[in-house]
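Here is the file run_12.cif (mmCIF, C-alpha atoms).
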data_work
#
loop_
_atom_site.label_atom_id
_atom_site.label_comp_id
_atom_site.auth_asym_id
_atom_site.auth_seq_id
_atom_site.Cartn_x
_atom_site.Cartn_y
_atom_site.Cartn_z
CA MET A 102 181.26 114.36 2.69
CA ARG A 103 182.36 116.61 5.55
CA PHE A 104 182.88 119.48 3.06
CA LEU A 105 179.33 119.12 1.72
CA ARG A 106 177.94 119.03 5.24
CA THR A 107 179.85 122.24 6.08
CA ILE A 108 178.54 123.96 2.97
CA LEU A 109 174.99 122.90 3.86
CA ILE A 110 175.33 124.24 7.41
CA ILE A 111 176.70 127.56 6.13
CA ALA A 112 173.85 127.83 3.63
CA VAL A 113 171.25 127.19 6.35
CA VAL A 114 172.83 129.77 8.67
CA LEU A 115 173.08 132.41 5.92
CA GLY A 116 169.52 131.66 4.85
CA GLY A 117 168.34 132.19 8.42
CA ILE A 118 170.25 135.47 8.68
CA LEU A 119 168.83 136.72 5.39
CA ALA A 120 165.31 135.64 6.32
CA GLY A 121 165.65 137.37 9.68
CA ALA A 122 166.91 140.55 8.02
CA ASP A 123 164.03 140.42 5.56
CA ARG A 124 161.48 140.10 8.37
CA LEU A 125 163.06 143.01 10.24
CA ALA A 126 162.89 145.11 7.09
CA VAL A 127 159.26 144.29 6.39
CA GLY A 128 158.34 145.05 10.02
CA TYR A 129 159.97 148.46 9.78
CA ALA A 130 158.28 149.14 6.43
CA GLU A 131 154.87 148.19 7.84
CA ASP A 132 155.30 150.59 10.76
CA GLU A 133 156.43 153.43 8.49
CA LEU A 134 153.62 152.86 6.01
CA ALA A 135 151.06 152.73 8.82
CA ALA A 136 152.33 156.08 10.11
CA LYS A 137 152.09 157.65 6.63
CA VAL A 138 148.58 156.30 6.04
CA GLN A 139 147.44 157.54 9.45
CA ALA A 140 149.00 160.98 9.04
CA GLY A 141 147.65 161.34 5.51
CA ARG A 142 144.08 160.61 6.59
CA GLY A 143 144.29 162.52 9.89
CA LEU A 144 143.18 159.49 11.86
CA ALA A 145 142.69 159.49 15.59
CA GLY A 146 142.36 155.70 15.81
CA GLU A 147 144.73 152.84 15.01
CA THR A 148 146.26 151.80 11.70
CA ASP A 149 147.60 148.27 11.09
CA VAL A 150 149.54 147.33 7.94
CA ASN A 151 150.53 143.86 6.74
CA ILE A 152 152.81 143.51 3.68
CA HIS A 153 152.52 140.16 1.90
CA GLY A 154 155.07 138.31 -0.22
CA PHE A 155 158.57 136.93 0.38
CA PRO A 156 161.23 138.09 0.14
CA PHE A 157 160.19 141.66 0.94
CA LEU A 158 163.55 143.23 0.09
CA THR A 159 163.33 142.03 -3.51
CA GLN A 160 159.88 143.61 -3.82
CA ALA A 161 161.13 146.82 -2.24
CA LEU A 162 164.05 147.09 -4.68
CA ASP A 163 161.60 146.60 -7.53
CA ARG A 164 159.28 149.22 -5.92
CA ARG A 165 156.33 146.86 -6.38
CA LEU A 166 154.50 145.07 -3.56
CA GLU A 167 152.35 142.00 -4.17
CA GLN A 168 149.66 142.86 -1.59
CA VAL A 169 149.28 145.24 1.32
CA ASP A 170 146.50 144.81 3.88
CA VAL A 171 145.47 147.93 5.78
CA LYS A 172 143.07 148.07 8.73
CA LEU A 173 141.92 151.54 9.82
CA ARG A 174 139.89 152.31 12.92
CA GLY A 175 138.10 155.60 13.53
CA VAL A 176 137.98 157.10 10.02
CA ASN A 177 136.20 160.46 9.96
CA ALA A 178 134.50 161.17 6.63
CA ALA A 179 132.88 164.42 5.55
CA GLY A 180 130.96 165.26 2.41
CA PRO A 181 130.85 168.52 0.45
CA ASP A 182 128.26 169.85 2.93
CA GLY A 183 130.71 169.36 5.82
CA ARG A 184 128.47 166.88 7.65
CA LYS A 185 130.57 164.15 9.25
CA ILE A 186 130.22 160.43 9.74
CA ARG A 187 132.67 158.10 11.47
CA ILE A 188 133.60 154.78 9.88
CA SER A 189 134.25 152.48 12.84
CA GLU A 190 136.57 150.17 10.89
CA LEU A 191 137.89 149.92 7.33
CA ASP A 192 139.66 146.72 6.28
CA ALA A 193 141.15 146.91 2.77
CA ARG A 194 143.45 144.78 0.61
CA PHE A 195 145.63 146.66 -1.90
CA HIS A 196 146.88 144.50 -4.79
CA ASP A 197 149.91 145.13 -7.04
CA VAL A 198 151.13 148.27 -5.28
CA SER A 199 153.61 150.49 -7.14
CA LEU A 200 155.77 152.57 -4.79
CA ASN A 201 156.99 156.03 -5.72
CA SER A 202 160.71 156.77 -6.11
CA SER A 203 161.02 158.19 -2.59
CA TYR A 204 159.13 155.26 -0.99
CA THR A 205 156.78 157.72 0.71
CA GLY A 206 153.62 156.45 -0.97
CA GLY A 207 152.13 154.14 -3.51
CA LYS A 208 149.17 153.29 -5.70
CA ALA A 209 147.42 149.93 -6.02
CA ALA A 210 146.23 148.56 -9.36
CA ARG A 211 143.10 147.40 -7.53
CA ALA A 212 141.74 147.17 -4.01
CA ASP A 213 138.84 145.54 -2.19
CA GLY A 214 137.62 145.20 1.35
CA SER A 215 134.92 146.06 3.84
CA ALA A 216 133.93 148.79 6.26
CA GLN A 217 131.61 149.04 9.24
CA ILE A 218 129.65 151.85 10.85
CA SER A 219 128.33 151.29 14.37
CA TYR A 220 124.83 152.37 15.33
CA ALA A 221 126.35 154.75 17.88
CA ASP A 222 128.33 156.45 15.10
CA LEU A 223 125.30 156.47 12.79
CA THR A 224 123.28 158.09 15.61
CA GLU A 225 125.99 160.74 16.00
CA ALA A 226 126.13 161.28 12.24
CA SER A 227 122.41 162.07 12.03
CA GLN A 228 123.07 165.36 13.87
CA ASN A 229 119.32 165.48 14.47
CA GLY A 230 119.10 164.23 18.05
CA VAL A 231 117.68 160.86 16.95
CA THR A 232 118.66 157.35 18.02
CA VAL A 233 119.49 154.75 15.35
CA THR A 234 119.39 151.01 16.08
CA TYR A 235 118.99 147.77 14.12
CA GLY A 236 115.70 147.54 12.24
CA GLY A 237 115.27 143.76 12.53
CA ALA A 238 116.11 142.88 8.92
CA PRO A 239 119.05 143.33 6.51
CA GLY A 240 119.11 146.84 5.11
CA LYS A 241 116.76 148.16 7.79
CA VAL A 242 117.37 150.44 10.80
CA LYS A 243 115.04 151.84 13.46
CA VAL A 244 115.15 155.59 14.00
CA THR A 245 113.59 157.10 17.12
CA ALA A 246 112.91 160.82 17.27
CA SER A 247 110.95 163.32 19.36
CA VAL A 248 108.97 166.11 17.66
CA GLU A 249 106.90 168.99 18.95
CA VAL A 250 103.36 169.10 17.51
CA LEU A 251 100.78 171.67 18.67
CA GLY A 252 102.56 172.03 21.99
CA ARG A 253 102.77 168.29 22.50
CA SER A 254 106.03 166.30 22.50
CA LEU A 255 105.65 163.10 20.50
CA THR A 256 108.26 160.33 20.41
CA ARG A 257 108.08 158.14 17.33
CA SER A 258 110.12 155.16 16.12
CA VAL A 259 110.13 154.38 12.41
CA VAL A 260 111.64 151.52 10.43
CA SER A 261 113.87 152.98 7.75
CA THR A 262 115.69 151.63 4.73
CA ILE A 263 119.43 152.30 4.74
CA SER A 264 120.91 152.28 1.26
CA LEU A 265 123.90 153.27 -0.82
CA VAL A 266 123.68 156.10 -3.36
CA ASN A 267 126.23 156.78 -6.15
CA GLY A 268 128.92 154.73 -4.43
CA THR A 269 129.63 157.53 -1.95
CA THR A 270 126.55 158.25 0.15
CA VAL A 271 124.72 156.40 2.92
CA ARG A 272 121.00 157.25 2.82
CA VAL A 273 118.41 156.67 5.59
CA ARG A 274 114.73 157.01 4.65
CA ALA A 275 111.69 156.08 6.77
CA ASP A 276 109.52 153.45 5.09
CA GLU A 277 106.35 154.83 6.66
CA VAL A 278 105.56 157.52 9.25
CA PRO A 279 102.34 157.24 11.30
CA GLY A 280 100.58 160.60 11.13
CA GLU A 281 98.35 160.15 14.18
CA GLY A 282 95.68 162.10 12.25
CA LEU A 283 97.57 165.35 12.89
CA PRO A 284 98.48 167.55 9.91
CA GLY A 285 102.19 168.00 9.27
CA VAL A 286 103.34 165.20 11.60
CA GLU A 287 104.89 163.11 8.83
CA SER A 288 106.98 165.98 7.45
CA LEU A 289 108.13 166.95 10.96
CA VAL A 290 109.21 163.38 11.75
CA ARG A 291 110.96 162.95 8.40
CA LYS A 292 112.95 166.13 8.94
CA ARG A 293 114.46 164.38 11.95
CA THR A 294 114.67 160.75 10.77
CA ASP A 295 115.69 161.04 7.10
CA PHE A 296 119.27 161.95 6.29
CA ASP A 297 122.19 161.39 3.86
CA ARG A 298 125.87 161.22 4.74
CA ASN A 299 128.70 161.26 2.23
CA LEU A 300 131.69 158.99 2.95
CA ASP A 301 133.82 159.86 -0.06
CA GLY A 302 136.07 162.18 1.92
CA GLY A 303 137.07 159.41 4.34
CA LEU A 304 138.13 156.77 1.80
CA PRO A 305 141.50 156.45 0.03
CA ALA A 306 141.30 158.08 -3.42
CA GLY A 307 139.97 155.59 -5.95
CA LEU A 308 138.18 153.40 -3.39
CA LYS A 309 134.39 153.33 -3.74
CA LEU A 310 131.47 151.80 -1.84
CA SER A 311 129.83 149.00 -3.83
CA ALA A 312 127.32 147.37 -1.45
CA LEU A 313 125.61 147.96 1.90
CA THR A 314 123.65 145.91 4.40
CA SER A 315 122.90 145.95 8.13
CA ASP A 316 122.58 143.48 10.98
CA ALA A 317 122.52 143.61 14.77
CA SER A 318 126.23 144.54 14.96
CA GLY A 319 126.05 147.56 12.65
CA VAL A 320 126.03 148.73 9.05
CA HIS A 321 128.38 146.81 6.73
CA LEU A 322 129.84 148.20 3.52
CA THR A 323 131.75 146.56 0.67
CA VAL A 324 134.49 148.65 -0.95
CA ASP A 325 136.54 148.23 -4.13
CA GLY A 326 138.31 150.27 -6.77
CA SER A 327 141.20 150.59 -9.20
CA ASP A 328 144.24 152.87 -9.18
CA VAL A 329 143.71 153.35 -5.45
CA VAL A 330 146.08 155.62 -3.53
CA LEU A 331 147.56 153.78 -0.56
CA ALA A 332 149.62 156.66 0.81
CA GLY A 333 151.18 159.83 -0.50
CA SER A 334 149.93 161.30 -3.76
#
Go ahead and render the structure in this file as C-alpha cells.
Amino acid sequence: MRFLRTILIIAVVLGGILAGADRLAVGYAEDELAAKVQAGRGLAGETDVNIHGFPFLTQALDRRLEQVDVKLRGVNAAGPDGRKIRISELDARFHDVSLNSSYTGGKAARADGSAQISYADLTEASQNGVTVTYGGAPGKVKVTASVEVLGRSLTRSVVSTISLVNGTTVRVRADEVPGEGLPGVESLVRKRTDFDRNLDGGLPAGLKLSALTSDASGVHLTVDGSDVVLAGS
C-alpha cells in the first residue's frame, strides 16, 4: 500500500513538472510567434498570440498546432494605389496550423475572425480633409466636408453607405447630395466624400473580408479564408 502511494506521489510530481515545462514552452513559443508576426507585417502596435491545445510540446514535435489566436492592433493596409487605411484591431483564429521545418512560420488550413476600423482612422484614410462619423444605422456613416463654390465656402454633411467590394475594398458613397440649386455642387461634394480604400495589403495572405457593418463604435469587418499564412512564407 505504501509502495502504491509512493508511486502515485511520484507520478503527480512528475506530471506537475511536465505540465509546468509545457506551459513554459508554449509561453516562449507565443512570444516568438508574436514577434515574427509583428515583424512580418511591419506593425507599430501590439501583437498577442494564444496557442491552444495540450500538451503543446507534442504538437510542436508534430509541427502541427490545433489553433492559434492572433490579435493585432494598428495594422496599416495599403492598396495598389498606395492609399493607406489603418485597421484598429484584427482578431483572427487560425485552425490546423502546419509549421515549417525551421519553426519560423506556418500556414493555417482555415482562419476566421473580425476586424475593426475606428471613425478616426476612417477619417484619416479619406485623405480628403473630411470628417467621418456614425450614420445612425448599420452600414451607414456621416461624412462632413467643406467645398468652395463660386467663392463661397459650403460645409455639407451627407449620409453615406459603407460597403465591401470584392472582399478587399471598403467603399464609401453618399446616398444623396443636396445641390442647393447651384450647378456642380453635387460633383464637388462627391469628390470629397466618396472614396475607396483597399485593405488587402494589410491582411495575412489568404485572409479575405467577407462582411461589413457599422455602429456607434466603428466599422466592423468579418474575415475568413483558407491556406492562410500565419507567419513566414
Each residue of region 274-315 of chain A lying at most 10 Å from region 177-198 of chain A should get a row with its shortest atom-to-atom pair and the distance in Å to one decimal, counting only C-alpha atoms; could you produce that, ordered by chain and increasing number, as a tab-separated table?
residue	atom	partner	partner_atom	distance
A:Asp297	CA	A:Arg184	CA	9.2
A:Arg298	CA	A:Ile186	CA	6.7
A:Asn299	CA	A:Gly180	CA	4.6
A:Leu300	CA	A:Ala178	CA	5.1
A:Asp301	CA	A:Gly180	CA	6.6
A:Gly302	CA	A:Ala178	CA	5.1
A:Gly303	CA	A:Ala178	CA	3.9
A:Leu304	CA	A:Ala178	CA	7.5
A:Pro305	CA	A:Ala193	CA	9.9
A:Leu308	CA	A:Ala193	CA	9.4
(message) Measuring between all atoms listed in the file, which one of A:Val324, A:Val259, A:Ala135, A:Ala209 shows the shortest distance to Val171 (chain A)?
(response) A:Ala135
(request) Quick one: everything within 12 Å of Asp163 (chain A), counting only C-alpha atoms, minus sequence neighbours fewer than 4 positions away in the same chain. Send it as a VMD selection string. (result) chain A and resid 156 to 159 167 197 to 202 204
(request) Quick one: pull the distance between CA of Gly319 (chain A) and CA of Asp149 (chain A), Å, one decimal. (result)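 A separation of 21.6 Å between them.
When the distance limit is 10 Å and all atoms listed in the file are what count, the residues near Glu147 (chain A), minus those fewer than 2 positions from it on the same chain, are A:Ala135, A:Ala136, A:Gln139, A:Leu144, A:Ala145, A:Asp149, A:Lys172, A:Leu173, A:Arg174, A:Gly175, A:Val176, A:Glu190.
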(request) Compare A:Gly326, A:Gly154, A:Gly230, A:Gly128 by their minimum atom-to-atom distance to Gly307 (chain A), counting all atoms listed in the file, and give me the closest one. (result)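 Checking each candidate against Gly307 (chain A), we get A:Gly326 as the closest.
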(request) Please measure the separation of CA of Gly206 (chain A) and CA of Leu331 (chain A), giving the value in Å to one decimal. (result) 6.6 Å
(message) Assuming the chain letters and numbering stay as they are in my file, what does the PyMOL selection byres ((chain A and resi 240) around 6) actually select? List them as a list of chain:residue names.
(response) A:Pro239, A:Lys241, A:Thr262, A:Ile263, A:Thr314, A:Ser315
(message) What does the structure give for the distance between CA of Val278 (chain A) and CA of Ser219 (chain A), in Å to one decimal?
(response) 24.2 Å
(request) Select, from A:Ala226, A:Ala210, A:Val329, A:Ala317, the residue with the minimum atom-to-atom distance to Lys243 (chain A), counting all atoms listed in the file. (result)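 Ranking A:Ala226, A:Ala210, A:Val329, A:Ala317 by distance to Lys243 (chain A), first place goes to A:Ala317.
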(request) For each of A:Val273, A:Leu265, A:Ala306, A:Val127, take the minimum atom-to-atom distance to Lys292 (chain A), counting all atoms listed in the file, then give the residue where this is smallest. (result)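 When distances to Lys292 (chain A) are compared using all atoms listed in the file, the smallest one comes from A:Val273.
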